[in-house]
>>> print(open('start-v1.tsv').read())   # TSV, C-alpha atoms
chain	number	residue	atom	x	y	z
A	115	MET	CA	-7.29	-14.30	10.65
A	116	THR	CA	-4.98	-11.36	9.94
A	117	PHE	CA	-6.11	-8.66	7.60
A	118	ALA	CA	-3.96	-7.69	4.63
A	119	TRP	CA	-3.80	-4.12	5.90
A	120	ARG	CA	-2.47	-5.29	9.23
A	121	THR	CA	0.34	-7.27	7.65
A	122	VAL	CA	1.61	-4.23	5.71
A	123	GLY	CA	1.75	-2.18	8.89
A	124	MET	CA	-1.54	-0.28	8.80
A	125	ASN	CA	-3.69	0.10	11.89
A	126	TYR	CA	-7.48	0.01	12.10
A	127	LEU	CA	-7.73	3.80	12.33
A	128	GLN	CA	-5.90	4.24	9.07
A	129	TYR	CA	-7.82	1.43	7.39
A	130	SER	CA	-11.23	2.74	8.42
A	131	SER	CA	-10.25	6.31	7.43
A	132	ILE	CA	-9.22	5.19	3.96
A	133	ALA	CA	-12.57	3.47	3.49
A	134	ALA	CA	-14.54	6.40	4.94
A	135	ARG	CA	-12.78	8.97	2.75
A	136	ALA	CA	-13.21	6.75	-0.30
A	137	LEU	CA	-16.96	6.58	0.33
A	138	ARG	CA	-17.29	10.32	0.98
A	139	ARG	CA	-15.90	11.13	-2.46
A	140	THR	CA	-18.83	9.38	-4.10
A	141	ALA	CA	-21.63	11.25	-2.37
A	142	LYS	CA	-23.72	13.55	-4.54
A	143	PRO	CA	-22.44	17.13	-4.94
A	144	GLU	CA	-25.28	18.63	-2.91
A	145	LEU	CA	-24.10	16.65	0.14
A	146	GLN	CA	-20.45	17.59	-0.21
A	147	ALA	CA	-20.76	20.87	1.74
A	148	GLU	CA	-22.02	18.95	4.78
A	149	ILE	CA	-19.26	16.38	4.35
A	150	ALA	CA	-16.54	19.03	4.18
A	151	LYS	CA	-17.57	20.17	7.66
A	152	ARG	CA	-16.69	16.84	9.21
A	153	GLN	CA	-13.32	16.34	7.61
A	154	GLY	CA	-10.00	17.13	9.17
A	155	MET	CA	-10.29	15.26	12.47
A	156	GLY	CA	-7.11	13.65	13.57
A	157	ILE	CA	-6.14	11.56	16.54
A	158	LYS	CA	-3.16	11.66	18.83
A	159	VAL	CA	-1.85	8.63	20.65
A	160	ALA	CA	0.37	8.70	23.74
A	161	LYS	CA	2.00	5.60	25.11
A	162	TRP	CA	1.89	5.25	28.91
A	163	GLU	CA	4.58	3.49	30.90
A	164	ALA	CA	4.83	3.17	34.69
A	165	GLY	CA	2.21	5.87	35.19
A	166	LYS	CA	3.90	8.39	32.91
A	167	SER	CA	2.65	9.49	29.58
A	168	GLY	CA	4.89	9.52	26.56
A	169	ILE	CA	4.72	12.31	23.99
A	170	PRO	CA	1.40	12.30	22.15
A	171	ALA	CA	2.02	11.58	18.48
A	172	GLN	CA	-0.40	12.29	15.68
A	173	VAL	CA	-1.56	9.12	13.94
A	174	SER	CA	-0.70	9.78	10.33
A	175	MET	CA	-3.35	9.19	7.72
A	176	ILE	CA	-2.50	7.54	4.44
A	177	GLU	CA	-3.21	9.80	1.49
A	178	THR	CA	-4.47	8.24	-1.71
A	179	ARG	CA	-5.34	11.38	-3.64
A	180	SER	CA	-2.87	14.09	-4.57
A	181	VAL	CA	-5.25	16.90	-3.59
A	182	ALA	CA	-5.16	16.79	0.21
A	183	GLU	CA	-8.62	16.54	1.67
A	184	ASN	CA	-9.24	19.35	4.13
B	125	MET	CA	-24.75	-13.74	44.19
B	126	THR	CA	-28.48	-13.55	43.56
B	127	VAL	CA	-30.03	-12.42	40.34
B	128	THR	CA	-33.55	-11.09	40.37
B	129	VAL	CA	-35.52	-11.73	37.23
B	130	VAL	CA	-38.66	-9.73	36.75
B	131	ALA	CA	-41.19	-11.13	34.34
B	132	SER	CA	-43.60	-8.69	32.81
B	133	ARG	CA	-46.90	-9.36	31.19
B	134	PHE	CA	-48.81	-7.18	28.78
B	135	TYR	CA	-51.47	-7.38	26.15
B	136	ALA	CA	-50.24	-8.62	22.79
B	137	SER	CA	-51.42	-5.42	21.14
B	138	GLU	CA	-49.18	-3.36	23.42
B	139	ALA	CA	-46.11	-5.47	22.79
B	140	THR	CA	-43.29	-3.52	21.29
B	141	GLY	CA	-39.72	-4.19	20.36
B	142	ALA	CA	-38.40	-7.61	21.18
B	143	ALA	CA	-41.75	-8.74	22.59
B	144	ALA	CA	-43.38	-8.14	19.22
B	145	GLY	CA	-40.71	-10.22	17.47
B	146	LYS	CA	-38.96	-7.13	16.14
B	147	LEU	CA	-35.39	-6.03	16.14
B	148	VAL	CA	-34.69	-2.73	17.83
B	149	VAL	CA	-31.98	-0.97	15.86
B	150	ASN	CA	-29.61	1.78	16.88
B	151	PHE	CA	-27.59	2.89	13.88
B	152	ALA	CA	-25.05	5.59	14.62
B	153	LEU	CA	-22.30	7.43	12.82
B	154	PRO	CA	-19.80	9.70	14.57
B	155	HIS	CA	-21.58	12.76	13.21
B	156	GLN	CA	-25.18	11.57	13.15
B	157	SER	CA	-27.67	9.16	14.70
B	158	VAL	CA	-29.30	7.55	11.69
B	159	MET	CA	-31.69	5.35	13.69
B	160	THR	CA	-32.57	5.32	17.38
B	161	SER	CA	-34.65	2.48	18.78
B	162	GLN	CA	-36.09	1.80	15.37
B	163	GLU	CA	-38.15	-1.37	15.07
B	164	VAL	CA	-37.44	-3.46	12.00
B	165	ASN	CA	-38.11	-7.06	11.04
B	166	GLN	CA	-34.75	-7.98	9.61
B	167	VAL	CA	-31.32	-6.51	8.95
B	168	ASP	CA	-29.08	-7.88	6.20
B	169	LEU	CA	-25.46	-6.94	6.51
B	170	SER	CA	-22.08	-7.85	5.13
B	171	ALA	CA	-19.64	-8.91	7.83
B	172	VAL	CA	-16.02	-9.94	7.55
B	173	SER	CA	-17.11	-13.39	8.72
B	174	GLY	CA	-19.80	-13.59	6.02
B	175	ASP	CA	-23.18	-12.17	5.06
B	176	LEU	CA	-25.74	-12.15	7.86
B	177	GLY	CA	-29.50	-11.84	7.97
B	178	ILE	CA	-30.40	-10.80	11.50
B	179	LEU	CA	-33.85	-11.29	12.98
B	180	ALA	CA	-35.16	-10.69	16.49
B	181	ASP	CA	-33.66	-13.07	19.06
B	182	HIS	CA	-30.58	-13.61	16.95
B	183	VAL	CA	-27.73	-15.11	18.95
B	184	PRO	CA	-25.63	-12.30	20.48
B	185	THR	CA	-22.58	-11.54	18.39
B	186	ILE	CA	-20.13	-8.82	17.50
B	187	GLU	CA	-19.36	-8.54	13.82
B	188	GLN	CA	-16.90	-6.36	11.97
B	189	LEU	CA	-18.57	-4.93	8.90
B	190	LYS	CA	-17.11	-4.90	5.42
B	191	PRO	CA	-17.70	-1.90	3.18
B	192	GLY	CA	-21.11	-2.84	1.82
B	193	VAL	CA	-24.86	-2.51	1.97
B	194	ILE	CA	-26.90	-2.76	5.15
B	195	ASP	CA	-30.53	-3.50	4.35
B	196	PHE	CA	-33.15	-2.64	6.97
B	197	ILE	CA	-36.33	-4.59	6.24
B	198	SER	CA	-39.56	-3.59	7.93
B	199	ASP	CA	-43.27	-3.86	7.18
B	200	SER	CA	-43.06	-0.67	5.12
B	201	GLY	CA	-40.30	-2.00	2.87
B	202	SER	CA	-36.53	-2.08	2.73
B	203	GLN	CA	-34.08	0.74	3.27
B	204	LYS	CA	-30.51	0.35	2.10
B	205	TYR	CA	-27.42	2.18	3.28
B	206	PHE	CA	-23.89	1.70	2.02
B	207	VAL	CA	-21.41	1.81	4.90
B	208	SER	CA	-17.64	2.23	4.77
B	209	GLY	CA	-17.19	-0.27	7.59
B	210	GLY	CA	-17.80	-0.49	11.30
B	211	PHE	CA	-19.29	-2.91	13.78
B	212	ALA	CA	-22.62	-4.56	14.43
B	213	ILE	CA	-23.35	-5.67	17.97
B	214	MET	CA	-26.29	-7.98	18.55
B	215	ASN	CA	-27.53	-8.00	22.15
B	216	PRO	CA	-29.53	-10.71	23.94
B	217	ASN	CA	-32.62	-8.48	24.12
B	218	SER	CA	-33.01	-8.16	20.33
B	219	VAL	CA	-31.30	-4.77	20.34
B	220	LEU	CA	-28.92	-4.39	17.40
B	221	ASN	CA	-26.33	-1.62	17.58
B	222	ILE	CA	-24.61	-0.67	14.36
B	223	ASN	CA	-21.72	1.74	14.35
B	224	ALA	CA	-20.22	2.94	11.11
B	225	ILE	CA	-17.95	5.82	10.18
B	226	GLU	CA	-19.70	6.78	6.96
B	227	ALA	CA	-23.01	5.66	5.56
B	228	PHE	CA	-25.10	6.91	2.68
B	229	LYS	CA	-28.40	5.83	1.21
B	230	LEU	CA	-27.83	4.37	-2.22
B	231	GLU	CA	-29.81	7.21	-3.82
B	232	ASP	CA	-27.32	9.71	-2.36
B	233	ILE	CA	-24.40	8.16	-4.24
B	234	ASP	CA	-23.18	9.60	-7.53
B	235	ALA	CA	-22.55	6.65	-9.85
B	236	GLN	CA	-20.25	8.65	-12.08
B	237	ALA	CA	-18.09	9.61	-9.11
B	238	VAL	CA	-17.81	5.92	-8.23
B	239	ALA	CA	-16.59	5.02	-11.72
B	240	THR	CA	-14.11	7.92	-11.79
B	241	ASN	CA	-12.73	7.11	-8.34
B	242	LEU	CA	-12.48	3.41	-9.11
B	243	ALA	CA	-10.35	4.18	-12.15
B	244	GLU	CA	-8.22	6.57	-10.07
B	245	SER	CA	-7.66	3.94	-7.37
B	246	GLN	CA	-6.77	1.31	-9.98
B	247	ARG	CA	-4.20	3.70	-11.42
B	248	LEU	CA	-2.79	4.23	-7.96
B	249	ALA	CA	-2.64	0.49	-7.29
B	250	SER	CA	-0.50	-0.12	-10.38
B	251	SER	CA	1.75	2.91	-9.94
B	252	ALA	CA	2.29	2.71	-6.18
B	253	LYS	CA	5.81	1.92	-5.07
B	254	ASP	CA	5.27	1.03	-1.40
B	255	GLU	CA	3.12	-1.69	0.10
B	256	ILE	CA	1.04	0.60	2.25
B	257	THR	CA	-0.12	2.77	-0.64
B	258	LYS	CA	-0.81	-0.36	-2.68
B	259	GLU	CA	-2.92	-1.75	0.15
B	260	ALA	CA	-4.71	1.59	0.56
B	261	ALA	CA	-5.56	1.53	-3.15
B	262	ALA	CA	-6.74	-2.10	-2.83
B	263	ILE	CA	-9.06	-1.12	0.01
B	264	GLU	CA	-10.56	1.65	-2.11
B	265	ILE	CA	-10.95	-0.63	-5.14
B	266	GLU	CA	-12.81	-3.21	-3.05
B	267	LEU	CA	-15.11	-0.53	-1.68
B	268	TYR	CA	-15.85	1.03	-5.10
B	269	GLU	CA	-16.50	-2.34	-6.72
B	270	SER	CA	-18.87	-3.27	-3.92
B	271	LEU	CA	-20.57	0.11	-4.29
B	272	GLN	CA	-20.94	-0.33	-8.04
B	273	SER	CA	-22.64	-3.70	-7.71
B	274	ALA	CA	-24.88	-2.29	-4.98
B	275	LEU	CA	-25.96	0.52	-7.29
B	276	LEU	CA	-26.54	-1.92	-10.16
B	277	GLY	CA	-28.52	-4.24	-7.92
B	278	LYS	CA	-30.76	-1.36	-6.97
B	279	SER	CA	-31.71	-0.57	-10.53
B	280	LYS	CA	-32.93	-4.10	-11.20
>>> encode(input="start-v1.tsv", output="structure tokens")
Amino acid sequence: MTFAWRTVGMNYLQYSSIAARALRRTAKPELQAEIAKRQGMGIKVAKWEAGKSGIPAQVSMIETRSVAEN
Amino acid sequence: MTVTVVASRFYASEATGAAAGKLVVNFALPHQSVMTSQEVNQVDLSAVSGDLGILADHVPTIEQLKPGVIDFISDSGSQKYFVSGGFAIMNPNSVLNINAIEAFKLEDIDAQAVATNLAESQRLASSAKDEITKEAAAIEIELYESLQSALLGKSK
């Protein structure tokens, strides 16, 4: 079974980030300061071939809100 | 290859964890350990393959979670968390490991924020030009709708 997000070219990292950020926005205001502290983590992926690493590339996140989340 | 199996015996009153017919739950987020070796009677969760009610001695399985409510039921009552997704891994020894990226108790969710964000995501879904943004909006809509019905269910 292929997920809809997979067929449009998204990977699991992007999918789970979209869901996580969506949920964070709905937490009560008093929790938002804590939440802000754990934002802004990215991930870099490097492809390895024949024992040599390729250039690490940042996995881009998909933005759904015009105000970029820090 | 030889496998040594050690059987242990103890008084029924001392039995803990799997021996007492309980699930032992480890529920972790990247930033926080919500539960560590917590004994519960039952865990209800929403997996991609369907809704599951897990008891002690459940058949081992790995399930991908949908955004939804995980309900931890113990003698003292039920505790509900809404998770953004993740995995539940049931082990043969009645240990249940749940990993999620984000999880909040239902009482920590702002219902108004859910309604506002749902409307925003619906707007995005209809105005988006590319498939990826459309799909991203669809993911958010599914999560917010699930969250809304979870919040409504709670107030019953």
>>> residues_around(input="start-v1.tsv", residues="Met175 (chain A)", least_positions_apart="4", cutoff="9 Å", atoms="all atoms listed in the file", output="VMD selection string")
chain A and resid 127 to 129 131 to 132 156
>>> atom_distance(input="start-v1.tsv", atom1="CA of Ile256 (chain B)", atom2="CA of Ala237 (chain B)")
24.0 Å
>>> closest_atom_pairs(input="start-v1.tsv", of="chain B", to="chain A", cutoff="6 Å", atoms="all atoms listed in the file", output="JSON lines")
{"residue": "B:Ser208", "atom": "CA", "partner": "A:Ala134", "partner_atom": "CA", "distance": 5.2}
{"residue": "B:Glu226", "atom": "CA", "partner": "A:Ala134", "partner_atom": "CA", "distance": 5.6}
{"residue": "B:Asp232", "atom": "CA", "partner": "A:Lys142", "partner_atom": "CA", "distance": 5.7}
{"residue": "B:Ile233", "atom": "CA", "partner": "A:Ala141", "partner_atom": "CA", "distance": 4.6}
{"residue": "B:Asp234", "atom": "CA", "partner": "A:Lys142", "partner_atom": "CA", "distance": 5.0}
{"residue": "B:Ala237", "atom": "CA", "partner": "A:Thr140", "partner_atom": "CA", "distance": 5.1}
{"residue": "B:Val238", "atom": "CA", "partner": "A:Thr140", "partner_atom": "CA", "distance": 5.5}
{"residue": "B:Ile256", "atom": "CA", "partner": "A:Val122", "partner_atom": "CA", "distance": 6.0}
>>> atom_distance(input="start-v1.tsv", atom1="CA of Val164 (chain B)", atom2="CA of Val148 (chain B)")
6.5 Å
>>> residues_around(input="start-v1.tsv", residues="Asn217 (chain B)", least_positions_apart="2", cutoff="12 Å", atoms="only C-alpha atoms", output="list of chain:residue names")
B:Gly141, B:Ala142, B:Ala143, B:Ala144, B:Gly145, B:Lys146, B:Leu147, B:Val148, B:Val149, B:Leu179, B:Ala180, B:Asp181, B:His182, B:Val183, B:Pro184, B:Thr185, B:Ile213, B:Met214, B:Asn215, B:Val219, B:Leu220, B:Asn221
>>> atom_distance(input="start-v1.tsv", atom1="CA of Leu271 (chain B)", atom2="CA of Ala227 (chain B)")
11.6 Å
>>> axis_aligned_box(input="start-v1.tsv", around="region 129-136 of chain A", padding_each_side="3 Å", output="lines of an AutoDock Vina configuration file")
center_x = -11.2
center_y = 5.2
center_z = 4.1
size_x = 12.7
size_y = 13.5
size_z = 14.7
>>> build_atoms(input="start-v1.tsv", residues="region 131-142 of chain A", atoms="all heavy atoms", output="PDB file, in the coordinates of the input")
ATOM      1  N   SER A 131     -10.252   4.960   8.033  1.00  0.00           N
ATOM      2  CA  SER A 131     -10.250   6.310   7.430  1.00  0.00           C
ATOM      3  C   SER A 131     -10.168   6.248   5.925  1.00  0.00           C
ATOM      4  O   SER A 131     -10.817   7.028   5.230  1.00  0.00           O
ATOM      5  CB  SER A 131      -9.051   7.116   7.939  1.00  0.00           C
ATOM      6  OG  SER A 131      -9.170   7.346   9.297  1.00  0.00           O
ATOM      7  N   ILE A 132      -9.339   5.329   5.423  1.00  0.00           N
ATOM      8  CA  ILE A 132      -9.220   5.190   3.960  1.00  0.00           C
ATOM      9  C   ILE A 132     -10.576   4.840   3.375  1.00  0.00           C
ATOM     10  O   ILE A 132     -11.023   5.445   2.391  1.00  0.00           O
ATOM     11  CB  ILE A 132      -8.177   4.105   3.607  1.00  0.00           C
ATOM     12  CG1 ILE A 132      -6.775   4.608   3.934  1.00  0.00           C
ATOM     13  CG2 ILE A 132      -8.274   3.718   2.132  1.00  0.00           C
ATOM     14  CD1 ILE A 132      -5.730   3.514   3.933  1.00  0.00           C
ATOM     15  N   ALA A 133     -11.258   3.890   3.997  1.00  0.00           N
ATOM     16  CA  ALA A 133     -12.570   3.470   3.490  1.00  0.00           C
ATOM     17  C   ALA A 133     -13.586   4.597   3.603  1.00  0.00           C
ATOM     18  O   ALA A 133     -14.355   4.852   2.672  1.00  0.00           O
ATOM     19  CB  ALA A 133     -13.044   2.235   4.270  1.00  0.00           C
ATOM     20  N   ALA A 134     -13.571   5.310   4.731  1.00  0.00           N
ATOM     21  CA  ALA A 134     -14.540   6.400   4.940  1.00  0.00           C
ATOM     22  C   ALA A 134     -14.323   7.513   3.927  1.00  0.00           C
ATOM     23  O   ALA A 134     -15.277   8.025   3.325  1.00  0.00           O
ATOM     24  CB  ALA A 134     -14.425   6.938   6.366  1.00  0.00           C
ATOM     25  N   ARG A 135     -13.058   7.901   3.707  1.00  0.00           N
ATOM     26  CA  ARG A 135     -12.780   8.970   2.750  1.00  0.00           C
ATOM     27  C   ARG A 135     -13.132   8.540   1.336  1.00  0.00           C
ATOM     28  O   ARG A 135     -13.668   9.317   0.537  1.00  0.00           O
ATOM     29  CB  ARG A 135     -11.312   9.422   2.835  1.00  0.00           C
ATOM     30  CG  ARG A 135     -11.083  10.412   3.966  1.00  0.00           C
ATOM     31  CD  ARG A 135      -9.614  10.791   4.105  1.00  0.00           C
ATOM     32  NE  ARG A 135      -8.847   9.704   4.673  1.00  0.00           N
ATOM     33  CZ  ARG A 135      -7.561   9.460   4.387  1.00  0.00           C
ATOM     34  NH1 ARG A 135      -6.916  10.216   3.532  1.00  0.00           N
ATOM     35  NH2 ARG A 135      -6.937   8.450   4.946  1.00  0.00           N
ATOM     36  N   ALA A 136     -12.860   7.265   1.028  1.00  0.00           N
ATOM     37  CA  ALA A 136     -13.210   6.750  -0.300  1.00  0.00           C
ATOM     38  C   ALA A 136     -14.714   6.868  -0.526  1.00  0.00           C
ATOM     39  O   ALA A 136     -15.161   7.301  -1.603  1.00  0.00           O
ATOM     40  CB  ALA A 136     -12.770   5.290  -0.425  1.00  0.00           C
ATOM     41  N   LEU A 137     -15.497   6.528   0.475  1.00  0.00           N
ATOM     42  CA  LEU A 137     -16.960   6.580   0.330  1.00  0.00           C
ATOM     43  C   LEU A 137     -17.454   8.017   0.223  1.00  0.00           C
ATOM     44  O   LEU A 137     -18.334   8.328  -0.573  1.00  0.00           O
ATOM     45  CB  LEU A 137     -17.634   5.858   1.496  1.00  0.00           C
ATOM     46  CG  LEU A 137     -19.158   5.758   1.438  1.00  0.00           C
ATOM     47  CD1 LEU A 137     -19.611   5.065   0.164  1.00  0.00           C
ATOM     48  CD2 LEU A 137     -19.682   5.006   2.650  1.00  0.00           C
ATOM     49  N   ARG A 138     -16.861   8.917   1.004  1.00  0.00           N
ATOM     50  CA  ARG A 138     -17.290  10.320   0.980  1.00  0.00           C
ATOM     51  C   ARG A 138     -17.179  10.938  -0.392  1.00  0.00           C
ATOM     52  O   ARG A 138     -17.986  11.776  -0.783  1.00  0.00           O
ATOM     53  CB  ARG A 138     -16.444  11.151   1.954  1.00  0.00           C
ATOM     54  CG  ARG A 138     -16.862  11.023   3.385  1.00  0.00           C
ATOM     55  CD  ARG A 138     -16.022  11.923   4.278  1.00  0.00           C
ATOM     56  NE  ARG A 138     -16.075  11.417   5.624  1.00  0.00           N
ATOM     57  CZ  ARG A 138     -15.017  11.223   6.412  1.00  0.00           C
ATOM     58  NH1 ARG A 138     -13.797  11.508   5.968  1.00  0.00           N
ATOM     59  NH2 ARG A 138     -15.176  10.761   7.620  1.00  0.00           N
ATOM     60  N   ARG A 139     -16.128  10.534  -1.130  1.00  0.00           N
ATOM     61  CA  ARG A 139     -15.900  11.130  -2.460  1.00  0.00           C
ATOM     62  C   ARG A 139     -17.031  10.828  -3.428  1.00  0.00           C
ATOM     63  O   ARG A 139     -17.182  11.518  -4.434  1.00  0.00           O
ATOM     64  CB  ARG A 139     -14.589  10.592  -3.059  1.00  0.00           C
ATOM     65  CG  ARG A 139     -13.351  11.102  -2.386  1.00  0.00           C
ATOM     66  CD  ARG A 139     -12.111  10.575  -3.080  1.00  0.00           C
ATOM     67  NE  ARG A 139     -11.027  10.465  -2.118  1.00  0.00           N
ATOM     68  CZ  ARG A 139     -10.416   9.336  -1.776  1.00  0.00           C
ATOM     69  NH1 ARG A 139     -10.759   8.204  -2.339  1.00  0.00           N
ATOM     70  NH2 ARG A 139      -9.458   9.337  -0.879  1.00  0.00           N
ATOM     71  N   THR A 140     -17.809   9.774  -3.138  1.00  0.00           N
ATOM     72  CA  THR A 140     -18.830   9.380  -4.100  1.00  0.00           C
ATOM     73  C   THR A 140     -20.210   9.927  -3.768  1.00  0.00           C
ATOM     74  O   THR A 140     -21.171   9.654  -4.486  1.00  0.00           O
ATOM     75  CB  THR A 140     -18.946   7.844  -4.164  1.00  0.00           C
ATOM     76  OG1 THR A 140     -19.399   7.377  -2.893  1.00  0.00           O
ATOM     77  CG2 THR A 140     -17.611   7.220  -4.495  1.00  0.00           C
ATOM     78  N   ALA A 141     -20.321  10.699  -2.708  1.00  0.00           N
ATOM     79  CA  ALA A 141     -21.630  11.250  -2.370  1.00  0.00           C
ATOM     80  C   ALA A 141     -21.978  12.349  -3.361  1.00  0.00           C
ATOM     81  O   ALA A 141     -21.107  13.009  -3.917  1.00  0.00           O
ATOM     82  CB  ALA A 141     -21.628  11.814  -0.945  1.00  0.00           C
ATOM     83  N   LYS A 142     -23.277  12.556  -3.552  1.00  0.00           N
ATOM     84  CA  LYS A 142     -23.720  13.550  -4.540  1.00  0.00           C
ATOM     85  C   LYS A 142     -23.236  14.947  -4.169  1.00  0.00           C
ATOM     86  O   LYS A 142     -23.069  15.264  -2.992  1.00  0.00           O
ATOM     87  CB  LYS A 142     -25.249  13.516  -4.636  1.00  0.00           C
ATOM     88  CG  LYS A 142     -25.759  12.265  -5.319  1.00  0.00           C
ATOM     89  CD  LYS A 142     -27.166  12.382  -5.829  1.00  0.00           C
ATOM     90  CE  LYS A 142     -27.461  11.235  -6.781  1.00  0.00           C
ATOM     91  NZ  LYS A 142     -28.807  10.706  -6.637  1.00  0.00           N
TER      92      LYS A 142
END
